[in-house]
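Student: Handing you this structure, nothing more for now.
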Amino acid sequence: MGDILLTIKNVSKEFYGNQVLKDINMEIKKGEIHALIGENGAGKSTLMNILFGMPVIHETGGYQGSIELDGKEVMFNSPHEAMSHGIGMVHQEFMLIPGFTITENIKINRELTNPNMVSRIFGKQYESLDMKRMNSDARKALDIMGMSIEEYTLVAGLPVGHMQFIEIAREIDKTGIKLLVFDEPTAVLTESETQNLLAAIQKLAAQGIGIIFISHRLEEIMQVSHRVTILRDGEHVVTKDTKDTNVYEIAELMVGRKVSLDRSGSDSRRISDEIVLSIKNLEVKMPGEEVKGFDLDVRKGEIIGIGGLAGQGKLGVANGIMGIFPARGQVIYEGRPLELNNPRGAITAGISFLSEDRKGVGLLLDESIEINTVFTSMQIHKEFLHNLGFIRIMDSQKIRNHTNKMIKDLDIRCTSSLQHAGSLSGGNQQKVCMARALTQKPKLLLVSEPTRGIDIGAKKLILDLLKSLNEEQGMTIVMTSSELAELRSICDRIAIVCDGKVKGILSPEASNAEFGLMMSGVHADSQMGGAE
Amino acid sequence: MLKNEDKQNNTVKKNLDIPIVKSIGLPTLIIAAFFLLVMITAAVLKQSLPILISDILRRFGMNGVLVLAMVPAIKSGTGPNFALPLGIICGLLAWTIGIEMGFVGFKLLLITSAIATVFAVATGYFYGKLLNAVKGAEMTIATYTGFSTVALMSLVWLMAPFKSKQMGWMMGKGLRETIKLDGVNAGEIINNFLSFEIIGIKIPTGLLLTFFAFCFLVWLFFRTKTGVAIIAGGSNPAFAAAAGIDIDKNRIIANILSTVLGAYGIILYSQSYGFFQLYSGPLMMAFPAVAGVLIGGATASKANISHVIIGTFLLQGLLTASMPVANQLFAGTDLSEIMRVILQNGIILYALTQVKGGGK
Amino acid sequence: MRKAKNMLSKQMPYLTDNIVPIIFIAFTLLGFALTDNVPINYFLSELSSRFYRNAFIVLSLIIPVIAGLGLNFGIVIGAMSGQLAIIIVRYLSIEYLHLSGVWELFFCIVLALPIAAFIGFLTGRLYNKTRGQEMIASLIVGFFANGVYQFILLFATGVIIPVRATHPMIKPDGVGVRMTVDMGELHYSLQNIMKTPFMWTVLVVSAVLLTLVVALYLTGRKRPDKGNKVIFIIKVLLLAAIIAYSVFAIATKNNITKVKEVPTVTIIFIGLLCLFTELIMKTKLGQDFRSVGQSQHIARSNGINVDKTRIIAVIMSTVMAAWGQIFYLQDMGTLNVYGAHTQIGMFSVAALLVGGASVRKATVSQALIGTILFNSMFIMSPEIGKAVFGNALLGEYFRTFMVYGIIGMALGIYVWNDNRKARITLDPIELNAQDN
């Protein structure tokens, strides 16, 4: 391991007045594998966006602090510029064109060309491709990775592991590559593919390339990295030599956040032993949040949390139960099997859902608060309608009265019940979603990311509302959230999802390290709170 | 990414921040100004305004229902009904069958409407099914569905075993291209109902009443349970699906309605003209109707009854008024036809640039 | 079992992908079977002259397809640009320059380039703004441009643009260009440069193709897999058969040698355009076209200027269409100022689709085969109408139906397939489960 390659000095970044990075300092040496870890929203992607000069950064006012590459200060205005300085990124989503050969993918927009008669007049664009040289370059890059596959094979139909390697080959084919960022490279790989990849990464590092390795799999980090940097809530927590630390410590530092347990009034509640919802071996094909065999029993009257890192499948559970994404498995609700892939059935059975995708699934942005509030009840329970024989027409008076009551009860800030939902603030939009859910008079409420994109004041209101629904009406609530603190503040139990399955169920009082390890999928020996 | 888009939206909004432009829409305002200009020119040129206004009213009424047919389709999320010729052909087929059966006058009108309804419901059903299979490219496919059906029907017109002297060629087989309705006492039959003249302006009461009645019915439909579900499915399919709505079924219902309105629309249209045209007559008829609703302020994904009324009035008004004006100013050129082509397709292009999405 | 299933699923798309050409070949063959009074040399004469007229324009559609813009119905704008060039050159030639036909043609080609390139640039920008809806936009922009074109020629000419009222191309009242313009010297200006007998041309072209096919097979392609080999052998045999028959026909001077002579230069131009289209794909620009066509997102994230690349593709297509229209009209002899271009977009697109192309895939050979098949149908359908129903008009309506129907069906099948593939299903999970 040699000299310092990249220095990040006092980097801070604000998005619309929202501090997402505070004073980050980091150093990467040549030939070093530097692990970068943190929960969702810790600031990893923002930091990488800054490093790559992504347009998002400039459009939102740039950043403070400086970045030095090889001792010289740099500031990239586009990813392309970063690439030309020898910084490469292996994406989590594959940036490969299936209809192209491996060579064509490796060489995309960096094709080798030879001048010809036409190009001498009309310019470089018309130079002919030098397939031979391109193929031999690709071959070289593939050989470094130890891949024997022919470089002129089409990418379409290759196994996922191969695609990942081609992505890497593309980066190392770039001349003068100095620093390579791996963003969750093993997320989609099988066990053996992962081992191959880790070996390849070590091989690259041995050649003097600096590597930033972003992963939530702590075991991998322990296996390959030289140093780890931990970010939390946009702050730099610590940088340590990997050999001086252990999984337990990293997990604790990653989650470590003071939890204010605010569970007053919970004594008066009674959680019966009756299982109201029993999920067995649920599989849900939700892109990016796949559920792969999820089991959970929900007791009547409790608030149960579903937590876990992004992409692990926690969001898929509620979406699967509600029939929004294709699902398979067994869900028993109130003793009867619930038909999957049937939103109407789930709603009719008395389950309401607050989607994490408020604007996409949760609201009709161009319609009034009235329509948004009563829509589902009108359609499924045939309420708020004048019945004129074979036609049913909206009962405007009844709708208005009900909506106004909801606006008052939930304190929705709006000009009138006719205001369009799209023009409300995030918190008030969430309240409208809530109003619709409550209008359905549910017995079971599924809420996903209820406070996402909502300012702090409104956050508390929403959480309080959930709590009072639970306490006063005995409503069973399944709450999915990326914010562990939020789950720990109102839930009775928290199920942690990893790789599409329940990794374990913890009590909100469990230690940070327990949560951290479980979220990272490490088998901890520590006892688990709650029951399974 | 999301933030990026938001920002872009903001800048777009800023450009159109003048309240009146925002609430009415820039194209509508431009066309309205243009219309006013032409009317003033007409007055300056001493064109007979009562005749002009009578003409505008008639054209407004006769085109209205065809434009109205766009509303259910747009609201359901399938975009403007570029396959309007399907509905039109149902109406035309109904006319020919009604005439062949020997009916005349009001009886003919009623029978024709009844037959047209049957055809249009069936056609709309299959057309809706087709649109469900080609989500994302509805407008293109609709256009060619319309075109190829018109071409296919040309074969039918040519081969249909009709005997009525009102419709056949002097010799040979097949139907004439233009069939007069005066011969069966159906020309202007609705226009003349309760019509009266006031300061030289002829008010086609029956025509306008029929148009407004249809507007009211469509408005009412979109306040029913099904109607609201259709709107939800069109404006946010993910929302509707999550609420347990069968979006595909609703899209079919909306397109049946659109096709039926297309059929009624052509019946109203042709009785006002006093004749109807077969063969390639319906080929391009979708485009003025699409343009009409867009000029009124609709987009490819949003449309209201008010857009229909305003748009039809402006487009037909402008075209009707500009014809004599243009002829007087530039004798011998068919300027108003050229203007129609530019205006109609220009507004459709403008609407297409506002369609979101695409670009995989 | 699995293998058999794979085989089947590999064959199925081949069938659905090629459903349009299959229907067409069947239709043309049916035509021959039903009508026994179409002499082969008449058919070939008709077909070949239609081929010379149309092939160029059909070829102009390929690049936008590869660049992901779909079927560019907007080539009508290219055709209008070509016609504008002809009208300007003819006007000036009659008025002042008195050029010979070949020179007129040359100036038409030169003048059409900037006009078409500029308009292509504008349409390209429009397509960038109507992303995802390019095809309907290209259709509508054709209608729109037709309005502007009429405005310029019917109204602006003589009112805004000063012209001599007594000029033979101008309407008697001094405003507007006449409905038809005589091509004068331009007529056959390209055709008459050189002509060769039909069978000799067939012989030469097939011989050239044969050497090309063999040479490519021997030098290129590292792995001659089985499919390639079979296709190669079929190609060689087919070309050899054509060569043999040509030699036989020339030697025996049979009926087929009576087919109209071939305008050599036109054929050379078409050949050059084929070559250009093939070669451009082997340049950096061509690779960018392909990258953008396959995925705008990936192309952009790799630093390719997607919008610019798409605009270049549209410009190329528009310019070629303009030239194609010029070649087409010099063959026709008269320019129907307000009608010659209107159908060209639909017909060319239909021809390309008949050759087996789709919204995302088009090759030179598909364009050429499509032109031949489509025009065969055009010649045969009135004959079929006459033979079966005793009414040629019926055949004409039928072929209009075929044009629209093909386009609609090809697009419909494409979108339907696309949607089917994009649907999220649980099946991949199932596959994984089996693998583990």
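Chain labels A, B, ... are given in the sequence in which chains occur in the structure tokens; within each chain residues are numbered consecutively from 1, and ligands are likewise numbered from 1 in the order shown.
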Using only C-alpha atoms, find which residues of chain A lie within 10 Å of chain C and jot them down as number ranges by chain.

Tutor: A: 78-81, 83, 94-100, 104-105, 107-116, 119, 124-131, 152, 190, 283-287, 290-292, 325-328

Student: Would you list the contacts of Leu179 of chain A as a list of chain:residue names, taking every protein, DNA or RNA residue within 9 Å and counting only C-alpha atoms, but skipping same-chain residues closer than 5 positions in sequence?

Tutor: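 What passes the distance filter is A:Leu5, A:Leu6, A:Ile28, A:Lys30, A:Gly31, A:Gly86, A:Ile87, A:Gly88, A:Met89, A:Ile209, A:Gly210, A:Ile211, A:Ile212.
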
Student: Just the selected residues (all heavy atoms), exported as a PDB file, in the first residue's frame, please.

Tutor:
ATOM      1  N   LEU A   5      -3.866   8.609  -2.404  1.00  0.00           N
ATOM      2  CA  LEU A   5      -4.407   8.785  -3.748  1.00  0.00           C
ATOM      3  C   LEU A   5      -5.491   9.858  -3.733  1.00  0.00           C
ATOM      4  O   LEU A   5      -5.484  10.778  -4.537  1.00  0.00           O
ATOM      5  CB  LEU A   5      -4.995   7.449  -4.208  1.00  0.00           C
ATOM      6  CG  LEU A   5      -5.702   7.419  -5.534  1.00  0.00           C
ATOM      7  CD1 LEU A   5      -4.701   7.633  -6.646  1.00  0.00           C
ATOM      8  CD2 LEU A   5      -6.403   6.087  -5.714  1.00  0.00           C
ATOM      9  N   LEU A   6      -6.405   9.721  -2.814  1.00  0.00           N
ATOM     10  CA  LEU A   6      -7.558  10.615  -2.797  1.00  0.00           C
ATOM     11  C   LEU A   6      -7.746  11.155  -1.382  1.00  0.00           C
ATOM     12  O   LEU A   6      -7.669  10.411  -0.411  1.00  0.00           O
ATOM     13  CB  LEU A   6      -8.821   9.856  -3.213  1.00  0.00           C
ATOM     14  CG  LEU A   6     -10.119  10.659  -3.199  1.00  0.00           C
ATOM     15  CD1 LEU A   6     -10.287  11.411  -4.504  1.00  0.00           C
ATOM     16  CD2 LEU A   6     -11.306   9.760  -2.963  1.00  0.00           C
ATOM     17  N   ILE A  28      -7.844   7.917   0.841  1.00  0.00           N
ATOM     18  CA  ILE A  28      -7.686   6.577   0.273  1.00  0.00           C
ATOM     19  C   ILE A  28      -6.290   6.471  -0.310  1.00  0.00           C
ATOM     20  O   ILE A  28      -5.857   7.343  -1.062  1.00  0.00           O
ATOM     21  CB  ILE A  28      -8.763   6.283  -0.780  1.00  0.00           C
ATOM     22  CG1 ILE A  28     -10.090   6.052  -0.058  1.00  0.00           C
ATOM     23  CG2 ILE A  28      -8.439   5.038  -1.572  1.00  0.00           C
ATOM     24  CD1 ILE A  28     -11.162   6.924  -0.487  1.00  0.00           C
ATOM     25  N   LYS A  30      -3.165   4.413  -2.402  1.00  0.00           N
ATOM     26  CA  LYS A  30      -3.028   3.551  -3.579  1.00  0.00           C
ATOM     27  C   LYS A  30      -3.017   2.102  -3.119  1.00  0.00           C
ATOM     28  O   LYS A  30      -2.308   1.761  -2.161  1.00  0.00           O
ATOM     29  CB  LYS A  30      -1.741   3.871  -4.317  1.00  0.00           C
ATOM     30  CG  LYS A  30      -1.853   5.160  -5.102  1.00  0.00           C
ATOM     31  CD  LYS A  30      -0.631   5.463  -5.915  1.00  0.00           C
ATOM     32  CE  LYS A  30      -0.844   6.790  -6.626  1.00  0.00           C
ATOM     33  NZ  LYS A  30       0.412   7.495  -6.874  1.00  0.00           N
ATOM     34  N   GLY A  31      -3.776   1.293  -3.786  1.00  0.00           N
ATOM     35  CA  GLY A  31      -3.779  -0.127  -3.453  1.00  0.00           C
ATOM     36  C   GLY A  31      -4.549  -0.481  -2.206  1.00  0.00           C
ATOM     37  O   GLY A  31      -4.503  -1.611  -1.740  1.00  0.00           O
ATOM     38  N   GLY A  86      -9.541   9.174 -14.122  1.00  0.00           N
ATOM     39  CA  GLY A  86      -9.178   7.860 -13.604  1.00  0.00           C
ATOM     40  C   GLY A  86     -10.015   7.372 -12.444  1.00  0.00           C
ATOM     41  O   GLY A  86      -9.579   6.525 -11.671  1.00  0.00           O
ATOM     42  N   ILE A  87     -11.225   7.910 -12.310  1.00  0.00           N
ATOM     43  CA  ILE A  87     -12.112   7.417 -11.267  1.00  0.00           C
ATOM     44  C   ILE A  87     -13.235   6.620 -11.920  1.00  0.00           C
ATOM     45  O   ILE A  87     -13.877   7.105 -12.850  1.00  0.00           O
ATOM     46  CB  ILE A  87     -12.717   8.574 -10.449  1.00  0.00           C
ATOM     47  CG1 ILE A  87     -11.588   9.412  -9.862  1.00  0.00           C
ATOM     48  CG2 ILE A  87     -13.610   8.044  -9.346  1.00  0.00           C
ATOM     49  CD1 ILE A  87     -12.069  10.539  -8.994  1.00  0.00           C
ATOM     50  N   GLY A  88     -13.428   5.433 -11.478  1.00  0.00           N
ATOM     51  CA  GLY A  88     -14.449   4.588 -12.098  1.00  0.00           C
ATOM     52  C   GLY A  88     -15.436   4.102 -11.066  1.00  0.00           C
ATOM     53  O   GLY A  88     -15.169   4.095  -9.871  1.00  0.00           O
ATOM     54  N   MET A  89     -16.619   3.711 -11.546  1.00  0.00           N
ATOM     55  CA  MET A  89     -17.681   3.265 -10.643  1.00  0.00           C
ATOM     56  C   MET A  89     -18.281   1.983 -11.195  1.00  0.00           C
ATOM     57  O   MET A  89     -18.568   1.891 -12.376  1.00  0.00           O
ATOM     58  CB  MET A  89     -18.747   4.356 -10.554  1.00  0.00           C
ATOM     59  CG  MET A  89     -20.068   3.922  -9.965  1.00  0.00           C
ATOM     60  SD  MET A  89     -20.109   3.998  -8.186  1.00  0.00           S
ATOM     61  CE  MET A  89     -21.217   5.355  -7.909  1.00  0.00           C
ATOM     62  N   ILE A 209      -4.427   0.054  -7.527  1.00  0.00           N
ATOM     63  CA  ILE A 209      -5.656   0.828  -7.689  1.00  0.00           C
ATOM     64  C   ILE A 209      -6.301   1.009  -6.317  1.00  0.00           C
ATOM     65  O   ILE A 209      -6.388   0.053  -5.541  1.00  0.00           O
ATOM     66  CB  ILE A 209      -6.630   0.107  -8.637  1.00  0.00           C
ATOM     67  CG1 ILE A 209      -6.001  -0.007 -10.035  1.00  0.00           C
ATOM     68  CG2 ILE A 209      -7.966   0.825  -8.708  1.00  0.00           C
ATOM     69  CD1 ILE A 209      -6.791  -0.856 -10.998  1.00  0.00           C
ATOM     70  N   GLY A 210      -6.714   2.236  -6.033  1.00  0.00           N
ATOM     71  CA  GLY A 210      -7.430   2.483  -4.783  1.00  0.00           C
ATOM     72  C   GLY A 210      -8.874   2.045  -4.938  1.00  0.00           C
ATOM     73  O   GLY A 210      -9.464   2.230  -6.001  1.00  0.00           O
ATOM     74  N   ILE A 211      -9.446   1.463  -3.909  1.00  0.00           N
ATOM     75  CA  ILE A 211     -10.809   0.948  -4.040  1.00  0.00           C
ATOM     76  C   ILE A 211     -11.678   1.421  -2.893  1.00  0.00           C
ATOM     77  O   ILE A 211     -11.291   1.311  -1.718  1.00  0.00           O
ATOM     78  CB  ILE A 211     -10.791  -0.589  -4.103  1.00  0.00           C
ATOM     79  CG1 ILE A 211     -10.299  -0.996  -5.499  1.00  0.00           C
ATOM     80  CG2 ILE A 211     -12.176  -1.177  -3.850  1.00  0.00           C
ATOM     81  CD1 ILE A 211      -9.920  -2.409  -5.631  1.00  0.00           C
ATOM     82  N   ILE A 212     -12.825   1.994  -3.241  1.00  0.00           N
ATOM     83  CA  ILE A 212     -13.823   2.306  -2.219  1.00  0.00           C
ATOM     84  C   ILE A 212     -14.891   1.232  -2.324  1.00  0.00           C
ATOM     85  O   ILE A 212     -15.480   1.025  -3.378  1.00  0.00           O
ATOM     86  CB  ILE A 212     -14.450   3.697  -2.438  1.00  0.00           C
ATOM     87  CG1 ILE A 212     -13.373   4.769  -2.340  1.00  0.00           C
ATOM     88  CG2 ILE A 212     -15.551   3.945  -1.417  1.00  0.00           C
ATOM     89  CD1 ILE A 212     -13.884   6.175  -2.536  1.00  0.00           C
TER      90      ILE A 212
END

Student: Distance limit 6 Å, atoms considered: only C-alpha atoms. Which chain B residues sit that close to chain C? Return them as a list of chain:residue names.

Tutor: B:Ala133, B:Val134, B:Thr140, B:Ile141, B:Tyr144, B:Ser148, B:Ala151, B:Leu152, B:Ile338, B:Val341, B:Ile342, B:Asn345, B:Leu352, B:Thr353, B:Gly358, B:Gly359, B:Lys360

Student: Next, write the just-selected residues to a file, as a PDB file, in the first residue's frame, keeping N, CA, C and O atoms as the atom set.

Tutor:
ATOM      1  N   ALA B 133     -53.860  -4.059 -24.827  1.00  0.00           N
ATOM      2  CA  ALA B 133     -52.705  -4.893 -25.187  1.00  0.00           C
ATOM      3  C   ALA B 133     -51.508  -4.046 -25.595  1.00  0.00           C
ATOM      4  O   ALA B 133     -50.384  -4.514 -25.579  1.00  0.00           O
ATOM      5  N   VAL B 134     -51.740  -2.811 -25.973  1.00  0.00           N
ATOM      6  CA  VAL B 134     -50.633  -1.996 -26.496  1.00  0.00           C
ATOM      7  C   VAL B 134     -50.430  -0.747 -25.647  1.00  0.00           C
ATOM      8  O   VAL B 134     -50.190   0.331 -26.172  1.00  0.00           O
ATOM      9  N   THR B 140     -50.396   5.920 -31.362  1.00  0.00           N
ATOM     10  CA  THR B 140     -49.934   5.444 -32.666  1.00  0.00           C
ATOM     11  C   THR B 140     -50.809   4.304 -33.165  1.00  0.00           C
ATOM     12  O   THR B 140     -51.264   4.304 -34.312  1.00  0.00           O
ATOM     13  N   ILE B 141     -51.028   3.335 -32.303  1.00  0.00           N
ATOM     14  CA  ILE B 141     -51.810   2.172 -32.723  1.00  0.00           C
ATOM     15  C   ILE B 141     -53.235   2.605 -33.074  1.00  0.00           C
ATOM     16  O   ILE B 141     -53.812   2.152 -34.065  1.00  0.00           O
ATOM     17  N   TYR B 144     -53.477   3.999 -36.590  1.00  0.00           N
ATOM     18  CA  TYR B 144     -53.464   3.006 -37.665  1.00  0.00           C
ATOM     19  C   TYR B 144     -54.662   2.086 -37.611  1.00  0.00           C
ATOM     20  O   TYR B 144     -55.086   1.557 -38.636  1.00  0.00           O
ATOM     21  N   SER B 148     -56.707   1.710 -40.955  1.00  0.00           N
ATOM     22  CA  SER B 148     -56.924   0.440 -41.654  1.00  0.00           C
ATOM     23  C   SER B 148     -58.396   0.070 -41.664  1.00  0.00           C
ATOM     24  O   SER B 148     -58.864  -0.555 -42.614  1.00  0.00           O
ATOM     25  N   ALA B 151     -59.949   1.829 -44.527  1.00  0.00           N
ATOM     26  CA  ALA B 151     -59.608   1.169 -45.786  1.00  0.00           C
ATOM     27  C   ALA B 151     -60.397  -0.120 -45.963  1.00  0.00           C
ATOM     28  O   ALA B 151     -60.906  -0.423 -47.041  1.00  0.00           O
ATOM     29  N   LEU B 152     -60.520  -0.863 -44.876  1.00  0.00           N
ATOM     30  CA  LEU B 152     -61.261  -2.121 -44.945  1.00  0.00           C
ATOM     31  C   LEU B 152     -62.727  -1.862 -45.258  1.00  0.00           C
ATOM     32  O   LEU B 152     -63.346  -2.567 -46.068  1.00  0.00           O
ATOM     33  N   ILE B 338     -55.420  25.582 -45.622  1.00  0.00           N
ATOM     34  CA  ILE B 338     -54.012  25.471 -45.226  1.00  0.00           C
ATOM     35  C   ILE B 338     -53.867  25.792 -43.757  1.00  0.00           C
ATOM     36  O   ILE B 338     -53.171  25.099 -43.013  1.00  0.00           O
ATOM     37  N   VAL B 341     -54.936  22.959 -41.563  1.00  0.00           N
ATOM     38  CA  VAL B 341     -53.940  21.883 -41.481  1.00  0.00           C
ATOM     39  C   VAL B 341     -52.825  22.262 -40.504  1.00  0.00           C
ATOM     40  O   VAL B 341     -52.439  21.479 -39.643  1.00  0.00           O
ATOM     41  N   ILE B 342     -52.335  23.496 -40.650  1.00  0.00           N
ATOM     42  CA  ILE B 342     -51.215  23.923 -39.798  1.00  0.00           C
ATOM     43  C   ILE B 342     -51.650  23.992 -38.338  1.00  0.00           C
ATOM     44  O   ILE B 342     -51.005  23.465 -37.439  1.00  0.00           O
ATOM     45  N   ASN B 345     -52.609  20.377 -36.785  1.00  0.00           N
ATOM     46  CA  ASN B 345     -51.483  19.499 -36.503  1.00  0.00           C
ATOM     47  C   ASN B 345     -50.478  20.150 -35.575  1.00  0.00           C
ATOM     48  O   ASN B 345     -49.813  19.465 -34.803  1.00  0.00           O
ATOM     49  N   LEU B 352     -48.192  16.723 -27.896  1.00  0.00           N
ATOM     50  CA  LEU B 352     -47.289  15.570 -27.799  1.00  0.00           C
ATOM     51  C   LEU B 352     -46.005  15.924 -27.058  1.00  0.00           C
ATOM     52  O   LEU B 352     -45.438  15.106 -26.349  1.00  0.00           O
ATOM     53  N   THR B 353     -45.540  17.175 -27.239  1.00  0.00           N
ATOM     54  CA  THR B 353     -44.317  17.551 -26.527  1.00  0.00           C
ATOM     55  C   THR B 353     -44.562  17.641 -25.025  1.00  0.00           C
ATOM     56  O   THR B 353     -43.622  17.635 -24.254  1.00  0.00           O
ATOM     57  N   GLY B 358     -41.299   7.973 -21.560  1.00  0.00           N
ATOM     58  CA  GLY B 358     -40.629   7.512 -22.756  1.00  0.00           C
ATOM     59  C   GLY B 358     -39.120   7.604 -22.640  1.00  0.00           C
ATOM     60  O   GLY B 358     -38.586   8.111 -21.678  1.00  0.00           O
ATOM     61  N   GLY B 359     -38.449   7.102 -23.664  1.00  0.00           N
ATOM     62  CA  GLY B 359     -36.990   7.187 -23.706  1.00  0.00           C
ATOM     63  C   GLY B 359     -36.313   6.185 -22.807  1.00  0.00           C
ATOM     64  O   GLY B 359     -35.708   6.530 -21.813  1.00  0.00           O
ATOM     65  N   LYS B 360     -36.484   4.923 -23.205  1.00  0.00           N
ATOM     66  CA  LYS B 360     -35.849   3.888 -22.382  1.00  0.00           C
ATOM     67  C   LYS B 360     -34.343   3.935 -22.549  1.00  0.00           C
ATOM     68  O   LYS B 360     -33.849   4.119 -23.617  1.00  0.00           O
TER      69      LYS B 360
END

Student: Pull the alpha helix (DSSP H) assignments for segment 156-331 of chain B out of DSSP run on the backbone, and list those residues as a VMD selection string.

Tutor: chain B and resid 156 to 159 205 to 221 225 to 235 237 to 242 247 to 273 286 to 295 305 to 329

Student: Using only C-alpha atoms, can you tell me which of B:Thr226, B:Gln166, B:Thr178, B:Thr299 comes closest to chain A?

Tutor: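 Counting only C-alpha atoms, the residue closest to chain A is B:Thr226.
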
Student: Select from segment 165-352 of chain B everything DSSP, run on the backbone, classes as strand (DSSP E or B), then give the selection as an NGL selection string.

Tutor: :B and (168 or 175 or 178-180 or 196-198 or 201-203 or 224 or 275-277)

Student: Can you work out which one of C:Ile86, C:Val262, C:Tyr217, C:Ile25 has the shortest atom-to-atom distance to Ile109 of chain C, counting only C-alpha atoms?

Tutor: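 Closest to Ile109 of chain C of all the choices is C:Ile86.
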
Student: Output the contact residues of chain B with respect to chain A at a cut-off of 9 Å, based on only C-alpha atoms, as a PyMOL selection string.

Tutor: chain B and resi 1+3-4+7+220-229+232+235-245

Student: Considering only C-alpha atoms, return as a list of chain:residue names whatever protein or nucleic-acid residues lie within 8 Å of segment 417-420 of chain A, sequence-local ones (same chain, fewer than 4 positions apart) excluded.

Tutor: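 These residues fall inside the cut-off: A:Leu365, A:Asp366, A:Glu367, A:Ser368, A:Ile369, A:Glu370, A:Arg400, A:Thr403, A:Asn404, A:Ile407, A:Leu424.
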